[in-house]
$ cat my_file.pdb   # PDB, C-alpha atoms
ATOM      1  CA  MET A   1       0.828  -0.315  22.414
ATOM      2  CA  PRO A   2      -1.227   0.721  19.337
ATOM      3  CA  GLU A   3      -4.606  -0.946  19.030
ATOM      4  CA  LYS A   4      -4.682  -3.934  16.721
ATOM      5  CA  GLN A   5      -7.517  -3.842  14.222
ATOM      6  CA  PRO A   6      -9.816  -6.869  14.367
ATOM      7  CA  ARG A   7      -9.571  -9.236  11.435
ATOM      8  CA  PRO A   8     -12.577  -8.739   9.167
ATOM      9  CA  ASP A   9     -15.206 -11.440   9.599
ATOM     10  CA  TRP A  10     -16.053 -11.682   5.950
ATOM     11  CA  HIS A  11     -16.613 -14.546   3.573
ATOM     12  CA  LEU A  12     -16.128 -13.115   0.124
ATOM     13  CA  SER A  13     -18.291 -14.318  -2.686
ATOM     14  CA  GLU A  14     -16.732 -14.832  -6.093
ATOM     15  CA  ARG A  15     -18.419 -11.591  -7.198
ATOM     16  CA  ASP A  16     -16.905  -9.641  -4.282
ATOM     17  CA  THR A  17     -13.472 -11.056  -5.071
ATOM     18  CA  ILE A  18     -13.809  -9.988  -8.708
ATOM     19  CA  ILE A  19     -14.940  -6.514  -7.617
ATOM     20  CA  LEU A  20     -11.817  -6.174  -5.441
ATOM     21  CA  GLN A  21      -9.620  -7.372  -8.303
ATOM     22  CA  GLU A  22     -11.122  -4.890 -10.735
ATOM     23  CA  LEU A  23     -10.812  -2.030  -8.240
ATOM     24  CA  ALA A  24      -7.149  -2.960  -7.699
ATOM     25  CA  ARG A  25      -6.660  -2.742 -11.488
ATOM     26  CA  ASP A  26      -8.471   0.591 -11.710
ATOM     27  CA  PRO A  27      -9.377   2.329  -8.425
ATOM     28  CA  GLN A  28     -11.303   4.992 -10.385
ATOM     29  CA  LEU A  29     -13.928   2.537 -11.704
ATOM     30  CA  THR A  30     -17.482   3.615 -10.924
ATOM     31  CA  SER A  31     -20.131   1.175  -9.741
ATOM     32  CA  ARG A  32     -21.755   1.443 -13.185
ATOM     33  CA  GLY A  33     -18.416   0.721 -14.839
ATOM     34  CA  LEU A  34     -17.919  -2.249 -12.533
ATOM     35  CA  ARG A  35     -21.420  -3.507 -13.288
ATOM     36  CA  ASP A  36     -20.668  -3.379 -17.028
ATOM     37  CA  LEU A  37     -17.317  -5.074 -16.563
ATOM     38  CA  LEU A  38     -18.849  -7.825 -14.432
ATOM     39  CA  ALA A  39     -21.436  -8.499 -17.127
ATOM     40  CA  GLU A  40     -19.067  -8.332 -20.127
ATOM     41  CA  GLU A  41     -15.995 -10.114 -18.774
ATOM     42  CA  HIS A  42     -17.324 -12.329 -15.982
ATOM     43  CA  ASP A  43     -20.917 -13.083 -17.031
ATOM     44  CA  ILE A  44     -22.239 -11.693 -13.720
ATOM     45  CA  ASP A  45     -25.483  -9.753 -14.060
ATOM     46  CA  VAL A  46     -26.083  -7.336 -11.173
ATOM     47  CA  SER A  47     -27.222  -3.742 -10.830
ATOM     48  CA  HIS A  48     -24.830  -0.889 -10.123
ATOM     49  CA  VAL A  49     -26.711  -0.445  -6.825
ATOM     50  CA  THR A  50     -25.796  -4.014  -5.818
ATOM     51  CA  VAL A  51     -22.160  -3.397  -6.775
ATOM     52  CA  ASN A  52     -22.122  -0.161  -4.788
ATOM     53  CA  GLU A  53     -23.705  -1.876  -1.769
ATOM     54  CA  SER A  54     -21.163  -4.703  -1.911
ATOM     55  CA  ILE A  55     -18.268  -2.204  -1.965
ATOM     56  CA  ARG A  56     -19.804  -0.206   0.903
ATOM     57  CA  ARG A  57     -20.258  -3.332   3.072
ATOM     58  CA  MET A  58     -16.711  -4.549   2.414
ATOM     59  CA  ARG A  59     -15.339  -1.081   3.267
ATOM     60  CA  GLU A  60     -17.396  -0.828   6.478
ATOM     61  CA  ASP A  61     -16.406  -4.352   7.531
ATOM     62  CA  GLY A  62     -12.720  -3.618   7.038
ATOM     63  CA  VAL A  63     -12.132  -5.991   4.114
ATOM     64  CA  PHE A  64     -10.054  -3.278   2.450
ATOM     65  CA  ARG A  65      -8.859   0.213   3.260
ATOM     66  CA  GLU A  66      -8.830   3.244   1.094
ATOM     67  CA  ALA A  67      -5.910   5.585   1.308
ATOM     68  CA  LEU A  68      -4.759   8.582  -0.613
ATOM     69  CA  VAL A  69      -1.254   7.677  -1.742
ATOM     70  CA  PRO A  70       0.964  10.256  -3.443
ATOM     71  CA  ASN A  71       2.705   9.348  -6.662
ATOM     72  CA  GLU A  72       5.991   7.719  -5.676
ATOM     73  CA  GLU A  73       7.837   9.700  -8.362
ATOM     74  CA  HIS A  74       7.252  12.973  -6.484
ATOM     75  CA  LEU A  75       8.517  12.003  -3.022
ATOM     76  CA  PHE A  76      11.488  10.254  -1.464
ATOM     77  CA  PHE A  77      10.688   7.098   0.465
ATOM     78  CA  SER A  78      12.712   5.851   3.423
ATOM     79  CA  LEU A  79      12.531   2.755   5.564
ATOM     80  CA  PHE A  80      13.326   3.485   9.216
ATOM     81  CA  GLU A  81      14.001   0.660  11.668
ATOM     82  CA  PHE A  82      14.577   1.078  15.389
ATOM     83  CA  GLN A  83      14.379  -0.610  18.762
ATOM     84  CA  PHE A  84      13.734   0.828  22.184
ATOM     85  CA  ASN A  85      16.341   0.964  24.902
ATOM     86  CA  PRO A  86      14.879  -0.958  27.870
ATOM     87  CA  GLU A  87      16.117   1.746  30.260
ATOM     88  CA  GLY A  88      13.468   4.447  30.408
ATOM     89  CA  PHE A  89      11.164   2.404  28.198
ATOM     90  CA  GLU A  90       8.214   2.366  30.582
ATOM     91  CA  GLU A  91       8.063   6.153  30.962
ATOM     92  CA  ASN A  92       8.690   7.167  27.350
ATOM     93  CA  TRP A  93       7.721   4.499  24.830
ATOM     94  CA  ARG A  94       4.149   5.640  24.176
ATOM     95  CA  GLU A  95       5.104   9.231  23.428
ATOM     96  CA  ALA A  96       7.829   8.134  21.000
ATOM     97  CA  LEU A  97       5.506   5.727  19.183
ATOM     98  CA  GLU A  98       2.776   8.328  18.959
ATOM     99  CA  HIS A  99       5.301  10.810  17.603
ATOM    100  CA  VAL A 100       6.224   8.457  14.761
ATOM    101  CA  ARG A 101       2.642   7.373  14.108
ATOM    102  CA  SER A 102       1.300  10.927  13.987
ATOM    103  CA  SER A 103       4.111  12.336  11.868
ATOM    104  CA  ARG A 104       2.882  13.673   8.542
ATOM    105  CA  HIS A 105       5.802  11.835   6.941
ATOM    106  CA  THR A 106       4.717   8.370   8.131
ATOM    107  CA  PHE A 107       3.138   6.321   5.368
ATOM    108  CA  MET A 108       3.184   2.910   7.043
ATOM    109  CA  TYR A 109       4.160   1.969  10.568
ATOM    110  CA  PHE A 110       4.529  -1.572  11.853
ATOM    111  CA  LEU A 111       6.258  -3.957  14.202
ATOM    112  CA  SER A 112       8.194  -6.946  12.943
ATOM    113  CA  ASP A 113       8.935 -10.042  14.917
ATOM    114  CA  GLY A 114      12.331 -11.521  15.643
ATOM    115  CA  ASP A 115      14.276  -8.688  17.239
ATOM    116  CA  TYR A 116      11.094  -6.752  18.105
ATOM    117  CA  GLN A 117      11.977  -4.130  15.551
ATOM    118  CA  TRP A 118       9.748  -1.121  14.856
ATOM    119  CA  LYS A 119       9.662  -0.080  11.219
ATOM    120  CA  THR A 120       8.136   2.761   9.336
ATOM    121  CA  ILE A 121       8.018   3.732   5.718
ATOM    122  CA  MET A 122       8.223   7.479   5.493
ATOM    123  CA  MET A 123       7.931  10.019   2.696
ATOM    124  CA  PHE A 124       9.826  13.269   2.347
ATOM    125  CA  LYS A 125      10.117  15.973  -0.298
ATOM    126  CA  ASP A 126      13.922  15.705  -0.265
ATOM    127  CA  ARG A 127      16.886  14.248   1.642
ATOM    128  CA  GLU A 128      17.331  17.422   3.667
ATOM    129  CA  GLN A 129      13.816  17.144   5.073
ATOM    130  CA  GLU A 130      14.485  13.503   5.923
ATOM    131  CA  SER A 131      17.740  14.385   7.687
ATOM    132  CA  LYS A 132      16.032  17.106   9.730
ATOM    133  CA  TRP A 133      13.284  14.694  10.790
ATOM    134  CA  ILE A 134      15.862  12.157  12.018
ATOM    135  CA  HIS A 135      17.804  14.893  13.819
ATOM    136  CA  GLU A 136      14.699  16.159  15.634
ATOM    137  CA  PHE A 137      13.585  12.630  16.485
ATOM    138  CA  TYR A 138      16.976  11.880  18.035
ATOM    139  CA  LYS A 139      16.966  15.172  19.956
ATOM    140  CA  GLU A 140      13.589  14.319  21.464
ATOM    141  CA  TYR A 141      13.856  10.540  21.938
ATOM    142  CA  GLY A 142      17.517   9.649  21.447
ATOM    143  CA  GLU A 143      17.980   8.135  24.915
ATOM    144  CA  LEU A 144      15.074   5.775  24.257
ATOM    145  CA  ILE A 145      16.079   4.698  20.748
ATOM    146  CA  ASN A 146      18.533   1.920  19.984
ATOM    147  CA  ASN A 147      19.949   1.403  16.555
ATOM    148  CA  LEU A 148      17.920   3.728  14.327
ATOM    149  CA  ARG A 149      18.671   2.667  10.789
ATOM    150  CA  ASN A 150      17.315   4.325   7.728
ATOM    151  CA  SER A 151      17.438   3.016   4.209
ATOM    152  CA  VAL A 152      16.797   5.293   1.297
ATOM    153  CA  VAL A 153      14.437   3.782  -1.233
ATOM    154  CA  THR A 154      16.133   4.765  -4.466
ATOM    155  CA  ASN A 155      13.894   3.083  -7.033
ATOM    156  CA  VAL A 156      10.289   2.094  -6.459
ATOM    157  CA  LEU A 157       9.930  -0.804  -8.877
ATOM    158  CA  LYS A 158       6.460  -1.923  -7.859
ATOM    159  CA  PHE A 159       3.814   0.147  -6.179
ATOM    160  CA  GLY A 160       0.356  -1.322  -5.780
ATOM    161  CA  THR A 161      -1.673  -4.441  -5.166
ATOM    162  CA  ASP A 162      -1.843  -7.125  -7.815
ATOM    163  CA  PRO A 163      -5.499  -7.876  -8.539
ATOM    164  CA  GLU A 164      -4.703 -11.615  -8.467
ATOM    165  CA  LEU A 165      -3.919 -11.351  -4.746
ATOM    166  CA  PHE A 166      -7.636 -11.380  -4.005
ATOM    167  CA  GLU A 167      -7.890 -14.913  -5.391
ATOM    168  CA  VAL A 168      -6.675 -16.122  -1.979
ATOM    169  CA  PHE A 169     -10.198 -15.457  -0.690
ATOM    170  CA  GLN A 170     -11.520 -18.145  -3.026
ATOM    171  CA  GLU A 171      -8.782 -20.731  -2.365
ATOM    172  CA  ASP A 172      -9.109 -23.674  -0.021
ATOM    173  CA  GLY A 173      -6.150 -24.613   2.153
ATOM    174  CA  ASP A 174      -2.796 -22.906   2.569
ATOM    175  CA  GLU A 175      -1.324 -22.622  -0.897
ATOM    176  CA  ALA A 176       1.711 -20.418  -1.487
TER     177      ALA A 176
END
$ encode --input "my_file.pdb" --output "structure tokens"
Amino acid sequence: MPEKQPRPDWHLSERDTIILQELARDPQLTSRGLRDLLAEEHDIDVSHVTVNESIRRMREDGVFREALVPNEEHLFFSLFEFQFNPEGFEENWREALEHVRSSRHTFMYFLSDGDYQWKTIMMFKDREQESKWIHEFYKEYGELINNLRNSVVTNVLKFGTDPELFEVFQEDGDEA
């Protein structure tokens, strides 16, 4: 089973939350740009060194991840869902999971509850490349896989993190 990352042990200050929000709005902001924005729009006076240190600590502590994500207009996205056949599971499951996880086409890979369904969001240059990947995956692991379903993502209507999401770090209780 893939290793689960520990939950970050971090108590975000209001300043850190605002920094995350502003970076979600514009990931290209420099620490000097963030410093200026904090002063002008949030009345927070700090040096760019302090801003840079705060970002570095949050990154090192796993508060957020940085990933290079291709423009969704240049690739085809697919959602793959599958389960493992219990017969032969013990001998083959790790290799199959590692194959999916290490594939250059895998963008996100996760397990959902309920039916214990593995899911992956994958990216391909075209439908033919996607079809070939599925074909090769079935050739290699077909006896282990139950119910591989793929859904073509035809229109990406939202792609990114809303800056307001980070407000949850400042909320008390379990609000929706």
$ resolve_selection --input "my_file.pdb" --expression "the PyMOL selection byres ((chain A and resi 90-101) around 9)" --output "tab-separated table (two decimals) with C-alpha atoms, keeping the file's coordinate frame"
chain	number	residue	atom	x	y	z
A	1	MET	CA	0.83	-0.32	22.41
A	2	PRO	CA	-1.23	0.72	19.34
A	84	PHE	CA	13.73	0.83	22.18
A	86	PRO	CA	14.88	-0.96	27.87
A	87	GLU	CA	16.12	1.75	30.26
A	88	GLY	CA	13.47	4.45	30.41
A	89	PHE	CA	11.16	2.40	28.20
A	102	SER	CA	1.30	10.93	13.99
A	103	SER	CA	4.11	12.34	11.87
A	104	ARG	CA	2.88	13.67	8.54
A	105	HIS	CA	5.80	11.84	6.94
A	106	THR	CA	4.72	8.37	8.13
A	107	PHE	CA	3.14	6.32	5.37
A	108	MET	CA	3.18	2.91	7.04
A	109	TYR	CA	4.16	1.97	10.57
A	120	THR	CA	8.14	2.76	9.34
A	137	PHE	CA	13.58	12.63	16.48
A	140	GLU	CA	13.59	14.32	21.46
A	141	TYR	CA	13.86	10.54	21.94
A	144	LEU	CA	15.07	5.78	24.26
A	145	ILE	CA	16.08	4.70	20.75
$ atom_distance --input "my_file.pdb" --atom1 "atom CA of A:Leu12" --atom2 "atom CA of A:Leu165"
13.3 Å
$ residues_near_point --input "my_file.pdb" --point "(-9.4, -14.6, -3.8)" --cutoff "10 Å" --atoms "all atoms listed in the file" --output "PyMOL selection string"
chain A and resi 12-14+16-18+20-21+163-172
$ closest_residue --input "my_file.pdb" --among "A:Ser47, A:Asn52, A:Thr154, A:Asn146" --to "A:Leu29" --atoms "only C-alpha atoms"
A:Asn52
$ closest_residue --input "my_file.pdb" --among "A:Leu79, A:Val51, A:Leu68, A:Val152" --to "A:Asp36" --atoms "all atoms listed in the file"
A:Val51
$ atom_distance --input "my_file.pdb" --atom1 "atom CA of A:Gln83" --atom2 "atom CA of A:Asp126"
25.1 Å
$ residues_around --input "my_file.pdb" --residues "A:Phe76" --least-positions-apart "4" --cutoff "7 Å" --atoms "all atoms listed in the file" --output "list of chain:residue names"
A:Met123, A:Phe124, A:Lys125, A:Asp126
$ atom_distance --input "my_file.pdb" --atom1 "atom CA of A:Glu128" --atom2 "atom CA of A:Phe159"
24.0 Å
$ residues_near_point --input "my_file.pdb" --point "(-19.8, 1.0, -11.3)" --cutoff "12 Å" --atoms "all atoms listed in the file" --output "count of residues only"
27
$ residues_around --input "my_file.pdb" --residues "A:Arg149" --least-positions-apart "2" --cutoff "9 Å" --atoms "all atoms listed in the file" --output "MDAnalysis selection string"
chainID A and resid 79:82 147 151
$ closest_residue --input "my_file.pdb" --among "A:Lys119, A:Lys132, A:Arg127, A:His74" --to "A:Leu148" --atoms "only C-alpha atoms"
A:Lys119
